[in-house]
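Novice: Compact mmCIF, C-alpha atoms and all ligand atoms, file query.txt:
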```txt
# COMPACT_ATOMS: atom_id res chain seq x y z
CA MET O 1 48.21 5.32 -73.06
CA ASN O 2 46.26 4.06 -70.13
CA ILE O 3 46.33 7.26 -68.05
CA ARG O 4 44.44 7.12 -64.76
CA GLY O 5 45.64 10.20 -62.91
CA LEU O 6 47.20 13.66 -63.21
CA TYR O 7 48.81 15.96 -60.66
CA LYS O 8 48.74 19.32 -62.34
CA SER O 9 51.87 20.58 -60.61
CA SER O 10 54.41 19.10 -58.20
CA LEU O 11 57.68 20.31 -56.71
CA LEU O 12 58.56 16.90 -55.26
CA ASP O 13 58.88 14.61 -58.25
CA PHE O 14 61.61 15.98 -60.50
CA PRO O 15 64.51 17.39 -58.43
CA GLY O 16 64.72 21.15 -58.87
CA LYS O 17 61.87 21.29 -61.42
CA ILE O 18 58.17 22.01 -61.45
CA SER O 19 56.52 18.94 -62.88
CA ALA O 20 53.11 17.76 -63.95
CA VAL O 21 52.73 14.10 -62.98
CA VAL O 22 50.92 11.62 -65.21
CA PHE O 23 49.94 8.29 -63.63
CA THR O 24 49.64 5.23 -65.86
CA GLY O 25 47.46 2.29 -64.85
CA GLY O 26 48.72 -1.23 -64.13
CA CYS O 27 51.83 -2.71 -62.55
CA ASN O 28 53.59 -6.07 -62.78
CA LEU O 29 54.56 -5.98 -59.08
CA ARG O 30 52.49 -6.17 -55.89
CA CYS O 31 54.59 -4.35 -53.32
CA GLY O 32 53.01 -4.72 -49.90
CA TYR O 33 53.47 -1.01 -49.14
CA CYS O 34 52.16 0.28 -52.49
CA HIS O 35 50.30 3.53 -51.89
CA ASN O 36 48.49 3.32 -55.23
CA PRO O 37 46.86 -0.11 -55.01
CA HIS O 38 43.93 0.81 -57.26
CA LEU O 39 46.25 2.25 -59.86
CA ALA O 40 48.58 -0.75 -59.72
CA VAL O 41 46.11 -3.62 -59.39
CA ASN O 42 42.74 -2.37 -60.55
CA PRO O 43 43.25 0.70 -62.75
CA GLU O 44 39.82 0.24 -64.39
CA SER O 45 38.29 1.41 -61.11
CA LEU O 46 39.77 4.87 -61.77
CA GLU O 47 38.55 7.23 -64.44
CA LYS O 48 40.58 7.10 -67.64
CA ILE O 49 42.01 10.43 -68.81
CA ASP O 50 42.25 11.00 -72.52
CA GLU O 51 45.80 11.49 -73.83
CA GLU O 52 44.62 14.49 -75.88
CA GLU O 53 43.36 16.16 -72.72
CA ILE O 54 46.79 15.74 -71.07
CA ILE O 55 48.62 17.14 -74.11
CA LYS O 56 46.25 20.11 -74.24
CA TYR O 57 46.85 20.82 -70.54
CA LEU O 58 50.64 20.62 -70.97
CA VAL O 59 50.61 22.95 -73.95
CA LYS O 60 48.43 25.44 -72.06
CA ARG O 61 50.70 25.37 -68.99
CA LYS O 62 54.08 24.92 -70.66
CA ASN O 63 55.28 28.32 -69.45
CA LEU O 64 54.49 27.43 -65.83
CA LEU O 65 55.94 23.91 -65.91
CA ASP O 66 59.48 22.65 -66.46
CA SER O 67 58.72 19.01 -66.91
CA VAL O 68 56.40 16.03 -67.02
CA THR O 69 56.90 13.02 -64.76
CA ILE O 70 55.41 9.80 -66.09
CA SER O 71 54.72 7.58 -63.11
CA GLY O 72 52.51 4.65 -62.26
CA GLY O 73 51.77 1.89 -61.78
CA GLU O 74 54.64 0.97 -64.08
CA PRO O 75 54.90 3.30 -67.10
CA LEU O 76 57.15 0.97 -69.08
CA LEU O 77 54.20 -1.42 -69.48
CA GLN O 78 52.51 1.16 -71.73
CA LYS O 79 52.78 0.24 -75.41
CA ARG O 80 52.35 3.84 -76.53
CA LEU O 81 54.82 5.33 -74.05
CA LEU O 82 57.43 6.37 -76.61
CA SER O 83 54.86 7.99 -78.85
CA PHE O 84 53.40 9.84 -75.85
CA ILE O 85 56.85 11.11 -74.84
CA ASN O 86 57.44 12.30 -78.42
CA ARG O 87 54.14 14.17 -78.36
CA VAL O 88 54.98 15.83 -75.03
CA LYS O 89 58.33 16.99 -76.39
CA GLU O 90 57.02 18.19 -79.72
CA ALA O 91 53.87 19.88 -78.43
CA ALA O 92 55.06 21.36 -75.13
CA GLY O 93 58.87 21.10 -75.19
CA LEU O 94 59.01 20.02 -71.53
CA LEU O 95 61.64 17.91 -69.82
CA VAL O 96 60.54 14.29 -69.33
CA LYS O 97 61.12 12.13 -66.26
CA ILE O 98 60.24 8.45 -66.06
CA ASP O 99 59.58 6.56 -62.83
CA THR O 100 60.17 2.82 -63.13
CA ASN O 101 60.48 -0.30 -61.03
CA GLY O 102 63.36 -1.45 -63.25
CA CYS O 103 61.83 -4.67 -64.58
CA PHE O 104 62.02 -3.80 -68.28
CA PRO O 105 65.62 -3.00 -69.29
CA ASP O 106 64.97 -3.38 -73.04
CA VAL O 107 62.07 -0.91 -73.02
CA LEU O 108 64.08 1.44 -70.84
CA GLY O 109 66.96 1.28 -73.31
CA ASP O 110 64.63 2.00 -76.24
CA ILE O 111 63.02 5.07 -74.69
CA ILE O 112 66.36 6.48 -73.56
CA CYS O 113 67.72 5.94 -77.08
CA SER O 114 64.96 8.21 -78.38
CA GLY O 115 66.87 11.07 -76.76
CA TYR O 116 63.62 12.43 -75.30
CA VAL O 117 64.07 11.26 -71.72
CA ASP O 118 65.85 13.67 -69.39
CA TYR O 119 65.70 11.92 -66.02
CA VAL O 120 64.89 8.43 -64.73
CA ALA O 121 64.01 7.49 -61.15
CA MET O 122 64.39 3.75 -60.59
CA ASP O 123 63.36 1.79 -57.52
CA MET O 124 65.95 -0.18 -55.58
CA LYS O 125 63.51 -1.59 -53.09
CA THR O 126 65.62 -3.91 -50.98
CA SER O 127 68.44 -6.47 -51.13
CA PRO O 128 68.22 -9.26 -53.75
CA GLN O 129 67.26 -11.90 -51.18
CA LYS O 130 64.20 -9.92 -49.93
CA TYR O 131 62.95 -8.59 -53.26
CA SER O 132 60.41 -11.29 -54.05
CA LYS O 133 58.86 -11.10 -50.60
CA LEU O 134 58.57 -7.31 -50.71
CA THR O 135 57.18 -7.17 -54.23
CA GLY O 136 54.82 -10.14 -53.88
CA THR O 137 56.27 -11.68 -57.06
CA ASP O 138 58.97 -14.04 -58.26
CA PHE O 139 61.32 -11.11 -58.84
CA ASP O 140 64.13 -11.34 -61.38
CA PHE O 141 66.88 -9.22 -59.78
CA GLN O 142 69.06 -9.54 -62.88
CA LYS O 143 66.52 -7.47 -64.84
CA LEU O 144 66.94 -4.70 -62.30
CA MET O 145 70.71 -4.86 -62.69
CA ASP O 146 70.34 -4.79 -66.48
CA SER O 147 68.20 -1.66 -66.14
CA LEU O 148 70.82 -0.07 -63.91
CA ASN O 149 73.50 -0.81 -66.48
CA VAL O 150 71.32 0.79 -69.17
CA LEU O 151 71.15 3.93 -67.01
CA LYS O 152 74.86 3.94 -66.23
CA ASP O 153 75.85 3.45 -69.88
CA SER O 154 73.39 6.00 -71.26
CA GLY O 155 74.67 9.10 -69.53
CA VAL O 156 71.06 10.14 -68.74
CA GLU O 157 70.53 11.72 -65.32
CA TYR O 158 69.14 9.15 -62.92
CA GLU O 159 68.43 8.38 -59.31
CA LEU O 160 67.95 5.17 -57.41
CA ARG O 161 65.38 5.33 -54.65
CA THR O 162 64.68 3.13 -51.70
CA THR O 163 61.63 3.41 -49.45
CA CYS O 164 63.04 2.56 -46.05
CA VAL O 165 60.67 -0.06 -44.71
CA PRO O 166 62.15 -1.40 -41.45
CA ASP O 167 62.92 -5.16 -41.78
CA PHE O 168 63.28 -4.79 -45.56
CA VAL O 169 65.88 -2.00 -45.57
CA THR O 170 68.52 -2.59 -42.91
CA LEU O 171 72.20 -1.70 -42.89
CA GLU O 172 72.91 -5.23 -44.15
CA ASP O 173 70.41 -4.80 -46.98
CA ILE O 174 72.11 -1.56 -48.05
CA GLN O 175 75.47 -3.35 -48.00
CA SER O 176 74.02 -6.15 -50.08
CA ILE O 177 72.60 -3.64 -52.59
CA ALA O 178 76.03 -1.97 -52.82
CA GLU O 179 77.69 -5.30 -53.62
CA ARG O 180 75.40 -5.67 -56.65
CA THR O 181 75.19 -2.11 -57.95
CA GLY O 182 78.79 -0.95 -57.68
CA ARG O 183 79.27 2.82 -57.85
CA VAL O 184 76.09 4.82 -58.62
CA LYS O 185 75.21 8.50 -59.00
CA ASN O 186 72.24 9.87 -57.08
CA TYR O 187 70.50 7.91 -54.35
CA TYR O 188 67.37 8.86 -52.41
CA LEU O 189 66.29 7.18 -49.20
CA GLN O 190 62.56 7.74 -48.74
CA GLN O 191 60.83 7.69 -45.39
CA TYR O 192 58.23 4.93 -45.13
CA VAL O 193 54.70 6.21 -44.54
CA SER O 194 51.90 3.84 -43.64
CA SER O 195 48.33 4.20 -44.85
CA ASN O 196 45.04 2.32 -44.69
CA GLU O 197 45.16 1.78 -48.43
CA LEU O 198 48.21 -0.45 -48.80
CA ILE O 199 48.21 -3.66 -50.87
CA SER O 200 49.13 -5.76 -47.84
CA GLU O 201 47.52 -5.25 -44.44
CA GLY O 202 50.72 -6.55 -42.84
CA PHE O 203 52.47 -3.28 -43.67
CA ARG O 204 49.94 -1.02 -41.95
CA ASN O 205 51.37 -1.36 -38.46
CA ILE O 206 55.02 -1.01 -39.32
CA ILE O 207 56.65 1.79 -37.34
CA PRO O 208 58.87 3.93 -39.58
CA TYR O 209 62.53 4.57 -38.84
CA GLY O 210 63.49 7.66 -36.86
CA THR O 211 65.65 10.36 -38.42
CA LYS O 212 68.84 9.02 -36.77
CA ASP O 213 68.27 5.54 -38.25
CA LEU O 214 67.85 7.06 -41.70
CA GLU O 215 71.04 9.09 -41.26
CA VAL O 216 72.93 5.87 -40.48
CA LEU O 217 71.59 4.29 -43.67
CA LYS O 218 72.57 7.42 -45.58
CA LEU O 219 76.19 7.16 -44.39
CA GLU O 220 76.25 3.59 -45.69
CA VAL O 221 74.80 4.64 -49.06
CA LEU O 222 77.41 7.39 -49.38
CA LYS O 223 80.06 4.66 -49.50
CA PHE O 224 78.89 3.71 -53.01
CA ALA O 225 76.76 6.65 -54.24
CA ASP O 226 78.05 10.08 -55.31
CA ASN O 227 75.08 11.79 -53.63
CA CYS O 228 72.48 10.66 -51.14
CA LYS O 229 69.50 12.56 -49.75
CA ILE O 230 66.67 11.60 -47.47
CA ARG O 231 63.12 12.37 -48.60
CA GLY O 232 60.04 12.67 -46.44
CA ILE O 233 61.38 13.84 -43.08
S1 LIG A 301 56.23 -1.08 -58.29
FE1 LIG A 301 55.26 -1.62 -56.35
S2 LIG A 301 54.98 0.37 -55.32
FE2 LIG A 301 55.32 0.81 -57.49
S3 LIG A 301 53.26 0.89 -58.40
FE3 LIG A 301 54.02 -1.21 -58.66
S4 LIG A 301 53.17 -2.30 -56.87
FE4 LIG A 301 53.05 -0.09 -56.42
```
Please render this file's structure as C-alpha cells.
Ligand code: SF4
Specialist:
Amino acid sequence: MNIRGLYKSSLLDFPGKISAVVFTGGCNLRCGYCHNPHLAVNPESLEKIDEEEIIKYLVKRKNLLDSVTISGGEPLLQKRLLSFINRVKEAAGLLVKIDTNGCFPDVLGDIICSGYVDYVAMDMKTSPQKYSKLTGTDFDFQKLMDSLNVLKDSGVEYELRTTCVPDFVTLEDIQSIAERTGRVKNYYLQQYVSSNELISEGFRNIIPYGTKDLEVLKLEVLKFADNCKIRGI
C-alpha cells in the first residue's frame, strides 16, 4: 500500500464512530478544489508510511478506536487494498470505511464481496454535464452509476457526498443528479472551503454558499434520499 498520511483519531470521518484515517497516495482525477493536491498528484513528495507501522498502531489503539477510514487520493487504485483491509480486520478487528470517487465499480464490488467493508462514502461531485470540467478529466459518468448500483445491491451502509461548490452544485445540478441516481440512502452536502493549496487557482476566490442556500439544496436532496445532512457549517 502506498500510504502517505495518517490521522490517528477522527470523529468526523465515519458517522458515529471514532476512526483512524489512512491516506493513500495518487488519484486518477484532478478536481479543481482538491484539498490534498500533493497526495493526489505528487504523493512521492510526502513521506511514505510503512504498512506494518499502521497495523501496529491500530492494534495498540484498538480499544480506543471503532474503525479505520481508508481515504486518499483514491484508495481503490491501491493493488494491495484488499489484503490491507484483511490485515486490519484480522489484527485489530476494527470497522472499515472506504472513501472513493466512484470510478472503479469492479474493484468496489470485489472489496465489498470480501465482507470486510462496513461503510462506503462515495463522491457525487456534480451533475453529469459538469463532471469532466470539475474533475479536470474526461469523466465516465456511467462508471459512477455502476459504482452506485454496486452499493445499492450490496446492502453495505453507504453515503453519497457532494461538496457544494457554487456554479457546480446548483438546484438544477441536484435535480439532474436525482434523475440519474434514483432513490438513495444517506446523502451529505458538504460546505465548500477554499484554501491556498487547491489544484486549480480558479477555485480559490469562490465564495461559499450561505447556510440558507445549503438548506434549499438539502430540501431538494430529501426528495430522492432517505436522509440528508449538511457538513461543515
Ligand atoms: S477525487 Fe478529486 S478531490 Fe478526491 S483526491 Fe482525487 S483529485 Fe482530490
Novice: At what distance in Å, to one decimal, does CA of Leu94 in chain O lie from CA of Val156 in chain O?
Specialist: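 Distance between the two atoms: 15.8 Å.
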Novice: Write as a PyMOL selection string the residues around ligand LIG 301 (chain A), taking 7 Å as the cut-off and counting only C-alpha atoms and all ligand atoms.
Specialist: chain O and resi 27-31+33-37+40+72-74+101+135
Novice: Taking into account all atoms listed in the file, which residue in the set O:Thr126, O:Leu6, O:Ala121, O:Lys185 is nearest to Leu171 in chain O?
Specialist: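 The answer is O:Thr126, which sits nearest to Leu171 in chain O.
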Novice: Ranking O:Asn86, O:Thr69, O:Ser127, O:Asn149 by minimum distance to Val184 in chain O and counting all atoms listed in the file, which one comes first?
Specialist: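 Using all atoms listed in the file, the shortest distance to Val184 in chain O belongs to O:Asn149.
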Novice: Env of Leu151 in chain O: 9 Å cut, atoms = all atoms listed in the file, seq-sep filter 4 positions within chain, self excluded. Answer as a PyMOL selection string.
Specialist: chain O and resi 108-109+112+120+146-147+155-158
Novice: Choose the residue, out of O:Gly93, O:Met1, O:Thr170, O:Arg61, that has the smallest atom-to-atom separation from Leu77 in chain O; count all atoms listed in the file.
Specialist: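 For Leu77 in chain O, the nearest of the candidates is O:Met1.
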Novice: One decimal, Å: what's the distance from CA of Val41 in chain O over to CA of Ser195 in chain O, could you say?
Specialist: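 Computed distance, CA of Val41 in chain O to CA of Ser195 in chain O, equals 16.7 Å.
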Novice: So how many Å separate CA of Ser176 in chain O and CA of Ile70 in chain O, to one decimal?
Specialist: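 About the pair CA of Ser176 in chain O and CA of Ile70 in chain O: they are 29.3 Å apart.
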Novice: Restricting the calculation to only C-alpha atoms: of O:Leu144, O:Met122, O:Leu134, O:Val117, which residue gets closest to Cys103 in chain O?
Specialist: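 Looking at the shortest contact to Cys103 in chain O, the residue is O:Leu144.
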Novice: Quick one: everything within 12 Å of range 12-20 of chain O, counting all atoms listed in the file, minus sequence neighbours fewer than 4 positions away in the same chain. Send it as an MDAnalysis selection string.
Specialist: chainID O and resid 5:8 54:55 57:59 61:71 88 92 94:99 118:121 157:159 161 186:188 190 229 231:232
Novice: Within 8 Å of (78.5, 0.4, -49.5), in the coordinates the file gives, what residues turn up when you count all atoms listed in the file, written out as a PDB file with C-alpha atoms, keeping the file's coordinate frame?
Specialist:
```pdb
ATOM      1  CA  ILE O 174      72.110  -1.560 -48.050  1.00  0.00           C
ATOM      2  CA  GLN O 175      75.470  -3.350 -48.000  1.00  0.00           C
ATOM      3  CA  SER O 176      74.020  -6.150 -50.080  1.00  0.00           C
ATOM      4  CA  ILE O 177      72.600  -3.640 -52.590  1.00  0.00           C
ATOM      5  CA  ALA O 178      76.030  -1.970 -52.820  1.00  0.00           C
ATOM      6  CA  GLU O 179      77.690  -5.300 -53.620  1.00  0.00           C
ATOM      7  CA  GLU O 220      76.250   3.590 -45.690  1.00  0.00           C
ATOM      8  CA  VAL O 221      74.800   4.640 -49.060  1.00  0.00           C
ATOM      9  CA  LEU O 222      77.410   7.390 -49.380  1.00  0.00           C
ATOM     10  CA  LYS O 223      80.060   4.660 -49.500  1.00  0.00           C
ATOM     11  CA  PHE O 224      78.890   3.710 -53.010  1.00  0.00           C
TER      12      PHE O 224
END
```
Novice: Counting only C-alpha atoms, figure out which residue out of O:Asp173, O:Leu189, O:Leu217, O:Lys133 gets nearest to Ile233 in chain O.
Specialist: O:Leu189
